[in-house]
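Here is model13.csv, consisting of CSV, C-alpha atoms:
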chain,number,residue,atom,x,y,z
Z,24,MET,CA,106.8,86.6,45.4
Z,25,GLN,CA,109.4,89.0,43.9
Z,26,VAL,CA,108.6,90.7,40.6
Z,27,THR,CA,111.5,91.5,38.3
Z,28,GLY,CA,112.7,95.1,38.9
Z,29,ARG,CA,116.3,95.2,37.9
Z,30,VAL,CA,118.3,93.5,35.2
Z,31,PHE,CA,122.1,93.1,34.7
Z,32,ILE,CA,123.7,92.9,31.3
Z,33,THR,CA,127.0,91.2,30.9
Z,34,VAL,CA,129.3,91.1,27.9
Z,35,LYS,CA,132.7,89.2,27.9
Z,36,GLY,CA,132.5,88.8,31.6
Z,37,GLN,CA,132.0,92.5,32.2
Z,38,ARG,CA,128.8,93.9,33.7
Z,39,LEU,CA,127.6,96.9,31.8
Z,40,ARG,CA,126.4,100.0,33.7
Z,41,SER,CA,122.9,99.9,32.4
Z,42,LYS,CA,120.1,102.1,33.6
Z,43,GLU,CA,116.6,101.0,34.5
Z,44,GLY,CA,114.4,100.0,31.6
Z,45,ALA,CA,116.6,97.5,29.7
Z,46,LYS,CA,114.5,95.4,27.3
Z,47,LEU,CA,114.8,91.9,26.0
Z,48,ARG,CA,112.8,91.5,22.8
Z,49,ASN,CA,111.8,88.7,20.5
Z,50,PHE,CA,112.6,85.8,22.8
Z,51,GLY,CA,111.8,82.7,20.8
Z,52,GLU,CA,112.6,84.3,17.5
Z,53,VAL,CA,109.2,83.5,16.0
Z,54,GLU,CA,106.1,85.7,16.1
Z,55,ARG,CA,102.7,84.3,15.4
Z,56,THR,CA,100.0,86.5,13.9
Z,57,GLY,CA,96.4,85.4,13.6
Z,58,VAL,CA,94.8,85.2,10.2
Z,59,GLU,CA,91.2,86.1,9.7
Z,60,ALA,CA,88.9,84.8,7.0
Z,61,ASP,CA,85.2,85.7,6.2
Z,62,THR,CA,84.3,82.5,8.1
Z,63,GLY,CA,86.3,83.4,11.3
Z,64,VAL,CA,89.8,82.7,12.4
Z,65,ALA,CA,91.7,80.7,9.8
Z,66,GLY,CA,94.8,80.1,11.9
Z,67,TYR,CA,98.1,81.8,12.2
Z,68,LYS,CA,101.2,82.6,10.3
Z,69,GLU,CA,104.8,82.8,11.5
Z,70,ALA,CA,107.5,85.3,10.9
Z,71,THR,CA,111.1,85.3,12.1
Z,72,ARG,CA,112.2,88.0,14.5
Z,73,ILE,CA,115.7,88.9,15.5
Z,74,PRO,CA,116.2,88.6,19.2
Z,75,GLU,CA,117.6,91.7,20.8
Z,76,ILE,CA,118.6,93.6,24.0
Z,77,GLU,CA,118.1,97.3,24.1
Z,78,CYS,CA,119.5,99.4,27.0
Z,79,THR,CA,120.8,102.7,28.1
Z,80,LEU,CA,124.3,102.7,29.5
Z,81,ILE,CA,126.0,105.3,31.7
Z,82,HIS,CA,128.7,107.0,29.6
Z,83,ALA,CA,131.8,107.8,31.7
Z,84,SER,CA,135.5,108.4,31.0
Z,85,ASP,CA,136.1,104.7,30.8
Z,86,THR,CA,133.3,104.0,28.3
Z,87,SER,CA,134.7,103.1,24.9
Z,88,LEU,CA,132.4,103.4,21.9
Z,89,SER,CA,134.9,101.5,19.8
Z,90,ASP,CA,134.9,98.5,22.2
Z,91,LEU,CA,131.1,98.4,22.0
Z,92,LEU,CA,131.1,98.7,18.2
Z,93,ASN,CA,133.6,95.7,18.1
Z,94,ILE,CA,131.2,93.4,19.9
Z,95,LYS,CA,130.6,90.6,17.3
Z,96,SER,CA,129.6,87.0,17.8
Z,97,GLU,CA,129.5,87.2,21.6
Z,98,ASN,CA,127.2,85.7,24.2
Z,99,ILE,CA,125.4,88.5,26.2
Z,100,SER,CA,123.6,87.6,29.4
Z,101,PHE,CA,120.4,89.4,30.5
Z,102,ASP,CA,120.1,88.5,34.2
Z,103,THR,CA,117.1,89.5,36.3
Z,104,ASP,CA,117.0,90.2,40.0
Z,105,THR,CA,114.5,87.4,40.4
Z,106,GLY,CA,117.0,84.8,39.3
Z,107,ARG,CA,115.9,84.3,35.7
Z,108,SER,CA,118.7,84.6,33.0
Z,109,TYR,CA,118.6,84.8,29.3
Z,110,VAL,CA,121.5,84.6,26.9
Z,111,LEU,CA,121.7,86.3,23.5
Z,112,ARG,CA,123.9,84.0,21.5
Z,113,GLY,CA,126.2,85.0,18.7
Z,114,ALA,CA,125.3,88.6,19.4
Z,115,TRP,CA,126.6,91.9,17.9
Z,116,CYS,CA,126.2,95.5,18.6
Z,117,THR,CA,124.1,97.2,16.0
Z,118,GLY,CA,126.1,100.5,16.2
Z,119,ALA,CA,122.9,102.6,16.4
Z,120,PHE,CA,124.3,104.8,19.1
Z,121,GLU,CA,122.8,107.9,20.6
Z,122,LEU,CA,124.9,109.7,23.2
Z,123,ALA,CA,123.4,112.5,25.2
Z,124,SER,CA,123.7,113.8,28.8
Z,125,GLY,CA,126.0,111.0,29.9
Z,126,GLU,CA,123.7,108.3,28.6
Z,127,LEU,CA,124.3,106.0,25.7
Z,128,ASN,CA,121.5,104.1,24.0
Z,129,VAL,CA,122.7,100.7,22.7
Z,130,LYS,CA,121.1,97.8,20.9
Z,131,PHE,CA,122.5,94.2,20.7
Z,132,GLN,CA,121.0,91.6,18.3
Z,133,GLY,CA,121.9,87.9,18.1
Z,134,MET,CA,121.3,84.7,16.4
Z,135,LYS,CA,119.1,83.3,19.1
Z,136,CYS,CA,118.0,83.9,22.7
Z,137,GLU,CA,117.8,81.1,25.3
Z,138,GLU,CA,116.7,80.9,28.8
Z,139,ALA,CA,119.7,79.9,30.9
Translate the structure of the given file into structure tokens.
Amino acid sequence: MQVTGRVFITVKGQRLRSKEGAKLRNFGEVERTGVEADTGVAGYKEATRIPEIECTLIHASDTSLSDLLNIKSENISFDTDTGRSYVLRGAWCTGAFELASGELNVKFQGMKCEEA
């Protein structure tokens, strides 16, 4: 059985040159946290979380920071080499860039994340 090793991120039909280590966070949008009482576990509470993809892109002469910043309300796919795919719907680029040594750290957030 193959274990996920690589992921591919696609925006507007274009595959981004992402490095190893891309992350999909907050799938499902709700986080449940246990609540303790003096008598034991009382249950759980829910909190909303914003789904996001965080990745490091290779920065080259054809990489446009402006194009990335202008990503708003797009569907961004996070495809694994094991055949599982996830789509960040209504996604935007947060603009929290860090560019160093030919690498660009980028974060996308969206309205919801679905397994495709």
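Close contacts of segment 76-90 of chain Z, defined as residues with an atom at most 6 Å away when counting all atoms listed in the file, with chain neighbours fewer than 6 positions off set aside, comprise Arg40, Ser41, Lys42, Ala45, Lys46, Leu47, Gly125, Glu126, Leu127, Asn128, Val129, Lys130 and Phe131 of chain Z.
Of the residues listed (Z:Ala65, Z:Ile32, Z:Leu122, Z:Ala139), Z:Ile32 shows the shortest atom-to-atom separation from Phe101 of chain Z; distances use only C-alpha atoms.
One finds atom CA of Glu52 of chain Z at 17.7 Å from atom CA of Cys116 of chain Z.
Considering the residues Z:Gly118, Z:Gly28, Z:Gly36, Z:Gly106 and counting all atoms listed in the file, Gln132 of chain Z has its shortest atom-to-atom contact with Z:Gly118.
The space between atom CA of Arg29 of chain Z and atom CA of Asn93 of chain Z spans 26.3 Å.
The interatomic distance for the pair atom CA of Phe31 of chain Z and atom CA of Thr71 of chain Z works out to 26.3 Å.
Counting all atoms listed in the file, the residue from Z:Gly66, Z:Thr117, Z:Ala123, Z:Arg55 that sits nearest to Leu92 of chain Z is Z:Thr117.
With all atoms listed in the file as the atoms that count, the minimum distance from Thr33 of chain Z to the choices Z:Ala70, Z:Val64, Z:Val58, Z:Ile94 is reached by Z:Ile94.
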Checklist outcome for this item: One residue among Z:Asp61, Z:Asn98, Z:Tyr109, Z:Phe120 is nearest to Met134 of chain Z when using all atoms listed in the file, and that residue is Z:Asn98
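Using only C-alpha atoms, the smallest distance between any of Z:Tyr67, Z:Glu137, Z:Ala114, Z:Glu54 and Leu91 of chain Z comes from Z:Ala114.
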Completion of segment 35-56 of chain Z up to N, CA and C atoms, as a PDB file, in the frame of the given file:
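Done, and the output landed in out22.pdb:
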ATOM      1  N   LYS Z  35     131.297  89.638  27.675  1.00  0.00           N
ATOM      2  CA  LYS Z  35     132.700  89.200  27.900  1.00  0.00           C
ATOM      3  C   LYS Z  35     133.096  89.249  29.334  1.00  0.00           C
ATOM      4  N   GLY Z  36     132.200  88.834  30.208  1.00  0.00           N
ATOM      5  CA  GLY Z  36     132.500  88.800  31.600  1.00  0.00           C
ATOM      6  C   GLY Z  36     132.416  90.110  32.349  1.00  0.00           C
ATOM      7  N   GLN Z  37     132.091  91.177  31.642  1.00  0.00           N
ATOM      8  CA  GLN Z  37     132.000  92.500  32.200  1.00  0.00           C
ATOM      9  C   GLN Z  37     130.582  92.984  32.298  1.00  0.00           C
ATOM     10  N   ARG Z  38     130.154  93.344  33.498  1.00  0.00           N
ATOM     11  CA  ARG Z  38     128.800  93.900  33.700  1.00  0.00           C
ATOM     12  C   ARG Z  38     128.752  95.307  33.187  1.00  0.00           C
ATOM     13  N   LEU Z  39     127.807  95.587  32.314  1.00  0.00           N
ATOM     14  CA  LEU Z  39     127.600  96.900  31.800  1.00  0.00           C
ATOM     15  C   LEU Z  39     126.878  97.792  32.807  1.00  0.00           C
ATOM     16  N   ARG Z  40     127.158  99.081  32.832  1.00  0.00           N
ATOM     17  CA  ARG Z  40     126.400 100.000  33.700  1.00  0.00           C
ATOM     18  C   ARG Z  40     125.154 100.445  33.030  1.00  0.00           C
ATOM     19  N   SER Z  41     124.163  99.584  33.076  1.00  0.00           N
ATOM     20  CA  SER Z  41     122.900  99.900  32.400  1.00  0.00           C
ATOM     21  C   SER Z  41     121.927 100.556  33.364  1.00  0.00           C
ATOM     22  N   LYS Z  42     121.112 101.422  32.809  1.00  0.00           N
ATOM     23  CA  LYS Z  42     120.100 102.100  33.600  1.00  0.00           C
ATOM     24  C   LYS Z  42     118.820 101.272  33.610  1.00  0.00           C
ATOM     25  N   GLU Z  43     117.914 101.639  34.484  1.00  0.00           N
ATOM     26  CA  GLU Z  43     116.600 101.000  34.500  1.00  0.00           C
ATOM     27  C   GLU Z  43     115.927 101.079  33.193  1.00  0.00           C
ATOM     28  N   GLY Z  44     115.227 100.026  32.828  1.00  0.00           N
ATOM     29  CA  GLY Z  44     114.400 100.000  31.600  1.00  0.00           C
ATOM     30  C   GLY Z  44     115.021  99.202  30.462  1.00  0.00           C
ATOM     31  N   ALA Z  45     116.074  98.412  30.718  1.00  0.00           N
ATOM     32  CA  ALA Z  45     116.600  97.500  29.700  1.00  0.00           C
ATOM     33  C   ALA Z  45     115.544  96.571  29.213  1.00  0.00           C
ATOM     34  N   LYS Z  46     115.576  96.247  27.908  1.00  0.00           N
ATOM     35  CA  LYS Z  46     114.500  95.400  27.300  1.00  0.00           C
ATOM     36  C   LYS Z  46     115.130  94.216  26.600  1.00  0.00           C
ATOM     37  N   LEU Z  47     114.495  93.063  26.771  1.00  0.00           N
ATOM     38  CA  LEU Z  47     114.800  91.900  26.000  1.00  0.00           C
ATOM     39  C   LEU Z  47     113.620  91.649  25.076  1.00  0.00           C
ATOM     40  N   ARG Z  48     113.890  91.630  23.769  1.00  0.00           N
ATOM     41  CA  ARG Z  48     112.800  91.500  22.800  1.00  0.00           C
ATOM     42  C   ARG Z  48     112.979  90.310  21.906  1.00  0.00           C
ATOM     43  N   ASN Z  49     111.872  89.794  21.473  1.00  0.00           N
ATOM     44  CA  ASN Z  49     111.800  88.700  20.500  1.00  0.00           C
ATOM     45  C   ASN Z  49     112.428  87.420  20.980  1.00  0.00           C
ATOM     46  N   PHE Z  50     112.220  87.130  22.258  1.00  0.00           N
ATOM     47  CA  PHE Z  50     112.600  85.800  22.800  1.00  0.00           C
ATOM     48  C   PHE Z  50     111.855  84.773  22.041  1.00  0.00           C
ATOM     49  N   GLY Z  51     112.521  83.754  21.562  1.00  0.00           N
ATOM     50  CA  GLY Z  51     111.800  82.700  20.800  1.00  0.00           C
ATOM     51  C   GLY Z  51     111.927  82.841  19.341  1.00  0.00           C
ATOM     52  N   GLU Z  52     112.260  84.017  18.865  1.00  0.00           N
ATOM     53  CA  GLU Z  52     112.600  84.300  17.500  1.00  0.00           C
ATOM     54  C   GLU Z  52     111.447  84.164  16.484  1.00  0.00           C
ATOM     55  N   VAL Z  53     110.290  83.647  16.898  1.00  0.00           N
ATOM     56  CA  VAL Z  53     109.200  83.500  16.000  1.00  0.00           C
ATOM     57  C   VAL Z  53     107.973  84.256  16.557  1.00  0.00           C
ATOM     58  N   GLU Z  54     107.344  85.028  15.688  1.00  0.00           N
ATOM     59  CA  GLU Z  54     106.100  85.700  16.100  1.00  0.00           C
ATOM     60  C   GLU Z  54     104.959  85.128  15.304  1.00  0.00           C
ATOM     61  N   ARG Z  55     103.900  84.827  16.010  1.00  0.00           N
ATOM     62  CA  ARG Z  55     102.700  84.300  15.400  1.00  0.00           C
ATOM     63  C   ARG Z  55     101.625  85.335  15.319  1.00  0.00           C
ATOM     64  N   THR Z  56     101.024  85.484  14.149  1.00  0.00           N
ATOM     65  CA  THR Z  56     100.000  86.500  13.900  1.00  0.00           C
ATOM     66  C   THR Z  56      98.738  85.748  13.426  1.00  0.00           C
TER      67      THR Z  56
END
